[in-house]
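J.: Structure file target_10.txt (compact mmCIF, C-alpha atoms) right here:
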```
# COMPACT_ATOMS: atom_id res chain seq x y z
CA MET P 9 3.96 3.78 -0.15
CA ARG P 10 1.81 1.68 2.13
CA LEU P 11 2.90 -1.37 0.21
CA ILE P 12 -0.02 -3.34 1.56
CA ASN P 13 -2.66 -1.03 2.81
CA ALA P 14 -6.03 -1.59 4.40
CA GLY P 15 -7.82 0.41 7.02
CA THR P 16 -7.83 4.13 7.54
CA PRO P 17 -5.15 6.03 9.43
CA ALA P 18 -6.30 8.01 12.41
CA ARG P 19 -7.58 11.34 11.14
CA GLU P 20 -6.19 14.65 12.22
CA SER P 21 -8.32 17.77 12.06
CA ALA P 22 -7.37 19.69 8.95
CA GLN P 23 -8.92 22.29 6.71
CA VAL P 24 -10.58 20.80 3.63
CA VAL P 25 -10.07 22.73 0.40
CA ASP P 26 -12.20 22.11 -2.67
CA ARG P 27 -9.61 22.44 -5.43
CA PHE P 28 -7.48 20.05 -7.46
CA TRP P 29 -4.13 21.80 -7.75
CA THR P 30 -2.70 21.59 -4.27
CA VAL P 31 0.85 20.70 -3.22
CA PRO P 32 -0.09 17.27 -1.80
CA ASN P 33 -2.12 16.40 -4.91
CA VAL P 34 0.86 17.26 -7.12
CA ILE P 35 3.02 14.95 -4.97
CA THR P 36 0.44 12.20 -5.37
CA LEU P 37 0.40 12.73 -9.15
CA VAL P 38 4.18 12.35 -9.17
CA ARG P 39 3.67 9.01 -7.45
CA PHE P 40 1.29 7.96 -10.23
CA LEU P 41 3.90 8.90 -12.84
CA LEU P 42 6.68 7.03 -11.06
CA VAL P 43 4.78 3.73 -11.00
CA PRO P 44 5.25 2.92 -14.73
CA VAL P 45 8.84 4.21 -14.48
CA PHE P 46 9.48 1.69 -11.71
CA PHE P 47 7.93 -1.11 -13.75
CA GLY P 48 10.04 -0.27 -16.80
CA LEU P 49 13.23 -0.20 -14.74
CA MET P 50 12.40 -3.55 -13.17
CA VAL P 51 11.66 -5.23 -16.49
CA GLY P 52 14.88 -3.76 -17.86
CA GLN P 53 16.81 -5.21 -14.91
CA ARG P 54 17.91 -1.72 -13.82
CA PHE P 55 17.62 -2.63 -10.17
CA GLY P 56 19.74 0.24 -8.84
CA TRP P 57 17.52 2.89 -10.40
CA ALA P 58 14.43 0.88 -9.49
CA LEU P 59 15.55 0.90 -5.86
CA ALA P 60 15.87 4.69 -5.96
CA VAL P 61 12.41 5.08 -7.50
CA LEU P 62 10.93 2.68 -4.93
CA ALA P 63 12.43 4.81 -2.16
CA VAL P 64 10.80 7.92 -3.66
CA LEU P 65 7.47 6.10 -4.00
CA GLY P 66 7.60 5.09 -0.35
CA SER P 67 8.54 8.53 0.90
CA THR P 68 6.00 10.46 -1.18
CA ASP P 69 3.18 8.36 0.25
CA TRP P 70 3.99 9.73 3.70
CA VAL P 71 4.97 13.20 2.49
CA ASP P 72 1.72 14.00 0.66
CA GLY P 73 -0.41 13.25 3.73
CA TYR P 74 1.89 15.22 6.01
CA VAL P 75 1.98 18.21 3.65
CA ALA P 76 -1.81 18.14 3.25
CA ARG P 77 -2.30 18.40 7.00
CA ARG P 78 0.57 20.82 7.56
CA LEU P 79 -0.54 23.27 4.87
CA GLY P 80 -4.26 22.76 5.46
CA GLN P 81 -4.69 21.41 1.93
CA VAL P 82 -6.70 18.25 2.53
CA SER P 83 -9.02 17.95 -0.47
CA PRO P 84 -11.81 15.58 -1.56
CA VAL P 85 -9.82 14.81 -4.72
CA GLY P 86 -6.74 14.03 -2.66
CA MET P 87 -8.67 11.66 -0.43
CA ILE P 88 -9.55 9.70 -3.57
CA LEU P 89 -6.21 9.97 -5.38
CA ASP P 90 -4.01 8.96 -2.43
CA PRO P 91 -5.46 5.48 -1.77
CA LEU P 92 -5.83 4.95 -5.53
CA ALA P 93 -2.11 5.67 -5.98
CA ASP P 94 -1.36 3.28 -3.11
CA ARG P 95 -3.33 0.47 -4.73
CA LEU P 96 -1.81 1.05 -8.16
CA ALA P 97 1.70 1.10 -6.69
CA LEU P 98 0.99 -2.04 -4.67
CA ILE P 99 -0.18 -4.00 -7.69
CA ILE P 100 2.54 -2.82 -10.06
CA VAL P 101 5.35 -3.31 -7.54
CA ALA P 102 4.27 -6.89 -6.85
CA ILE P 103 3.84 -7.68 -10.55
CA ALA P 104 7.18 -6.05 -11.42
CA PHE P 105 9.01 -8.10 -8.79
CA VAL P 106 7.61 -11.33 -10.18
CA ALA P 107 7.87 -10.33 -13.87
CA SER P 108 11.54 -9.44 -13.46
CA GLY P 109 12.23 -12.86 -11.97
CA ILE P 110 13.45 -11.72 -8.56
CA ALA P 111 10.38 -12.77 -6.56
CA PRO P 112 8.18 -15.89 -6.63
CA LEU P 113 4.57 -15.95 -7.80
CA TRP P 114 3.29 -16.39 -4.26
CA LEU P 115 4.16 -12.74 -3.58
CA ILE P 116 1.43 -11.56 -5.97
CA LEU P 117 -1.09 -14.14 -4.78
CA ALA P 118 -0.51 -13.45 -1.09
CA ILE P 119 -0.99 -9.73 -1.64
CA LEU P 120 -3.70 -9.46 -4.25
CA VAL P 121 -6.06 -12.30 -3.26
CA PRO P 122 -6.76 -10.95 0.27
CA ASP P 123 -7.11 -7.43 -1.14
CA ALA P 124 -9.57 -8.66 -3.77
CA VAL P 125 -11.63 -10.39 -1.08
CA LEU P 126 -11.68 -7.26 1.10
CA LEU P 127 -12.65 -5.07 -1.84
CA SER P 128 -15.48 -7.41 -2.85
CA VAL P 129 -16.86 -7.65 0.69
CA SER P 130 -16.52 -3.90 1.21
CA LEU P 131 -18.48 -3.12 -1.95
CA ALA P 132 -21.09 -5.76 -1.17
CA LEU P 133 -21.72 -4.62 2.41
CA PHE P 134 -21.01 -0.89 2.34
CA ARG P 135 -21.01 0.11 -1.34
CA ASN P 136 -17.95 2.12 -0.33
CA HIS P 137 -14.89 2.12 1.92
CA PRO P 138 -15.82 0.68 5.34
CA ASP P 139 -13.66 3.32 7.10
CA LEU P 140 -11.85 0.98 9.48
CA PRO P 141 -8.88 2.03 11.63
CA VAL P 142 -5.49 0.53 10.83
CA SER P 143 -4.80 -2.47 13.05
CA LEU P 144 -1.54 -3.23 14.85
CA MET P 145 -1.05 -6.25 12.59
CA GLY P 146 -1.60 -4.01 9.58
CA LYS P 147 1.10 -1.63 10.77
CA LEU P 148 3.54 -4.45 11.50
CA ARG P 149 3.12 -6.19 8.16
CA THR P 150 3.55 -2.89 6.32
CA ALA P 151 6.77 -2.15 8.18
CA ILE P 152 8.14 -5.63 7.43
CA LEU P 153 7.25 -5.42 3.74
CA LEU P 154 8.73 -1.94 3.46
CA VAL P 155 12.02 -3.39 4.66
CA GLY P 156 11.84 -6.61 2.63
CA ALA P 157 11.01 -5.04 -0.75
CA PRO P 158 14.02 -2.70 -1.04
CA LEU P 159 16.27 -5.35 0.49
CA LEU P 160 15.28 -7.72 -2.30
CA LEU P 161 16.29 -5.13 -4.88
CA LEU P 162 19.48 -4.37 -3.01
CA GLY P 163 20.42 -8.05 -3.01
CA HIS P 164 20.32 -8.12 -6.81
CA LEU P 165 22.84 -5.33 -7.22
CA SER P 166 26.30 -6.52 -8.21
CA SER P 167 27.84 -5.25 -4.98
CA PHE P 168 25.55 -7.45 -2.90
CA GLN P 169 25.54 -10.64 -4.96
CA HIS P 170 26.73 -13.79 -3.18
CA THR P 171 25.51 -12.34 0.12
CA PRO P 172 22.55 -13.45 2.27
CA VAL P 173 20.64 -10.23 1.52
CA VAL P 174 18.22 -11.88 -0.94
CA ALA P 175 17.50 -14.75 1.44
CA VAL P 176 16.84 -12.33 4.29
CA ALA P 177 14.60 -10.23 2.04
CA LEU P 178 12.54 -13.24 0.95
CA VAL P 179 12.10 -14.32 4.56
CA LEU P 180 10.90 -10.83 5.47
CA LEU P 181 8.54 -10.73 2.50
CA GLY P 182 7.19 -14.14 3.47
CA ILE P 183 6.59 -12.99 7.04
CA GLY P 184 5.03 -9.79 5.72
CA CYS P 185 2.70 -11.72 3.43
CA VAL P 186 1.59 -13.96 6.29
CA GLY P 187 0.98 -10.80 8.29
CA HIS P 188 -0.97 -9.36 5.38
CA ILE P 189 -3.25 -12.38 5.26
CA ALA P 190 -3.73 -12.21 9.04
CA ALA P 191 -4.41 -8.46 8.93
CA SER P 192 -6.86 -8.94 6.06
CA ALA P 193 -8.71 -11.59 8.06
CA GLY P 194 -8.94 -9.12 10.93
CA TYR P 195 -10.27 -6.38 8.66
CA LEU P 196 -12.78 -8.81 7.17
CA TRP P 197 -14.09 -9.70 10.62
CA SER P 198 -14.25 -6.00 11.54
CA MET P 199 -16.27 -5.30 8.39
CA ILE P 200 -18.75 -8.03 9.24
CA ARG P 201 -19.13 -6.79 12.82
CA LYS P 202 -19.60 -3.20 11.66
CA PHE P 203 -22.21 -4.27 9.13
CA ARG P 204 -24.08 -6.30 11.74
CA GLY P 205 -23.94 -3.36 14.13
CA ARG P 206 -25.48 -1.08 11.52
CA ARG P 207 -28.27 -3.56 10.83
CA VAL P 208 -29.05 -3.83 14.53
CA ALA P 209 -29.04 -0.03 14.86
CA ASP P 210 -31.29 0.35 11.82
CA GLY P 211 -33.66 -2.26 13.20
CA ALA P 212 -33.87 -0.50 16.54
CA ALA P 213 -34.53 2.88 14.93
```
Using structure tokens, write down the structure that the file contains.
T.:
Amino acid sequence: MRLINAGTPARESAQVVDRFWTVPNVITLVRFLLVPVFFGLMVGQRFGWALAVLAVLGSTDWVDGYVARRLGQVSPVGMILDPLADRLALIIVAIAFVASGIAPLWLILAILVPDAVLLSVSLALFRNHPDLPVSLMGKLRTAILLVGAPLLLLGHLSSFQHTPVVAVALVLLGIGCVGHIAASAGYLWSMIRKFRGRRVADGAA
């Protein structure tokens, strides 16, 4: 799961198939189904099982894209479902962390507010996804958050109580959220520059 995702990964040439039932799409659908399971486990304080589900969520996000390219099963439906699953997982994971009492409210605000701004600007300027490449800051913040989130769950297991794991996880999540805000600011500026470039090109045409 790209816990906090903006931008578009570099594309690899792959055959596009116009059908719904493909292996990568099934993997993506499994990710959709696991999101409410994760939320239920978190609310029920079943952090061990929630950690396992979070690991599956994270791995399937990479696996479906890899399988799509490997098997030549990139599909228009998949290109819609995959980022939609990412966004749903992002929102539910953040809400579940706060609702279960293991993360502060700033986690949701730091994640969702920048995303809401980017979505609003994207729709206003492009009426669609602006198709921006993933920035270095975007990659770094994602890596940090992908370490911090499971660490936070791990720290609430009985075996890891009274250890500094939770403190380390919160520090990583804080750094990741700062990185998310910085990456979002970079994407916002890139959107504005791309929009201006299009207007100049249209005016010159």
J.: Separation of atom CA of P:Val179 and atom CA of P:Val106, in Å?
T.: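 Spanning atom CA of P:Val179 to atom CA of P:Val106 is a straight-line distance of 15.7 Å.
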J.: Mind giving me the straight-line distance from atom CA of P:Tyr74 to atom CA of P:Pro141 in Å, one decimal?
T.: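 Straight-line distance from atom CA of P:Tyr74 to atom CA of P:Pro141 works out to 17.9 Å.
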J.: Could you check which of P:His137, P:Lys147, P:Arg206, P:Arg27 is closest to P:Pro84, using all atoms listed in the file?
T.: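 Closest to P:Pro84 of all the choices is P:Arg27.
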J.: Would you compute the distance between atom CA of P:Leu161 and atom CA of P:Ile183? Give it in Å to one decimal.
T.: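 So the two atoms, atom CA of P:Leu161 and atom CA of P:Ile183, lie 17.3 Å apart.
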J.: When you look at P:Gly56 with a cut-off of 12 Å (counting all atoms listed in the file), what residues show up, excluding the ones that are within fewer than 3 positions of it in the same chain? I need them as a ChimeraX atom specification.
T.: /P:46,49-50,52-53,59-63,158-168
J.: Specify the axis-aligned box that encloses all atoms of stretch 59-63 of chain P listed in the file after padding of 4 Å on each side, stating its centre and edge lengths in Å to one decimal as lines of an AutoDock Vina configuration file.
T.:
```
center_x = 13.4
center_y = 3.0
center_z = -4.8
size_x = 12.9
size_y = 12.2
size_z = 13.3
```
J.: Residues around (11.2, -6.2, -11.9), cut-off 6 Å, counting all atoms listed in the file - what are they as a list of chain:residue names?
T.: P:Met50, P:Val51, P:Ala104, P:Phe105, P:Ala107, P:Ser108
J.: Could you dump the residues just selected with C-alpha atoms as a PDB file, keeping the file's coordinate frame?
T.:
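Now in selection-v4.pdb:
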```
ATOM      1  CA  MET P  50      12.400  -3.550 -13.170  1.00  0.00           C
ATOM      2  CA  VAL P  51      11.660  -5.230 -16.490  1.00  0.00           C
ATOM      3  CA  ALA P 104       7.180  -6.050 -11.420  1.00  0.00           C
ATOM      4  CA  PHE P 105       9.010  -8.100  -8.790  1.00  0.00           C
ATOM      5  CA  ALA P 107       7.870 -10.330 -13.870  1.00  0.00           C
ATOM      6  CA  SER P 108      11.540  -9.440 -13.460  1.00  0.00           C
TER       7      SER P 108
END
```
J.: Taking all atoms listed in the file into account, name the residue in P:Ser67, P:Gln81, P:Ser143, P:Asn33 that is nearest to P:Leu196.
T.: P:Ser143
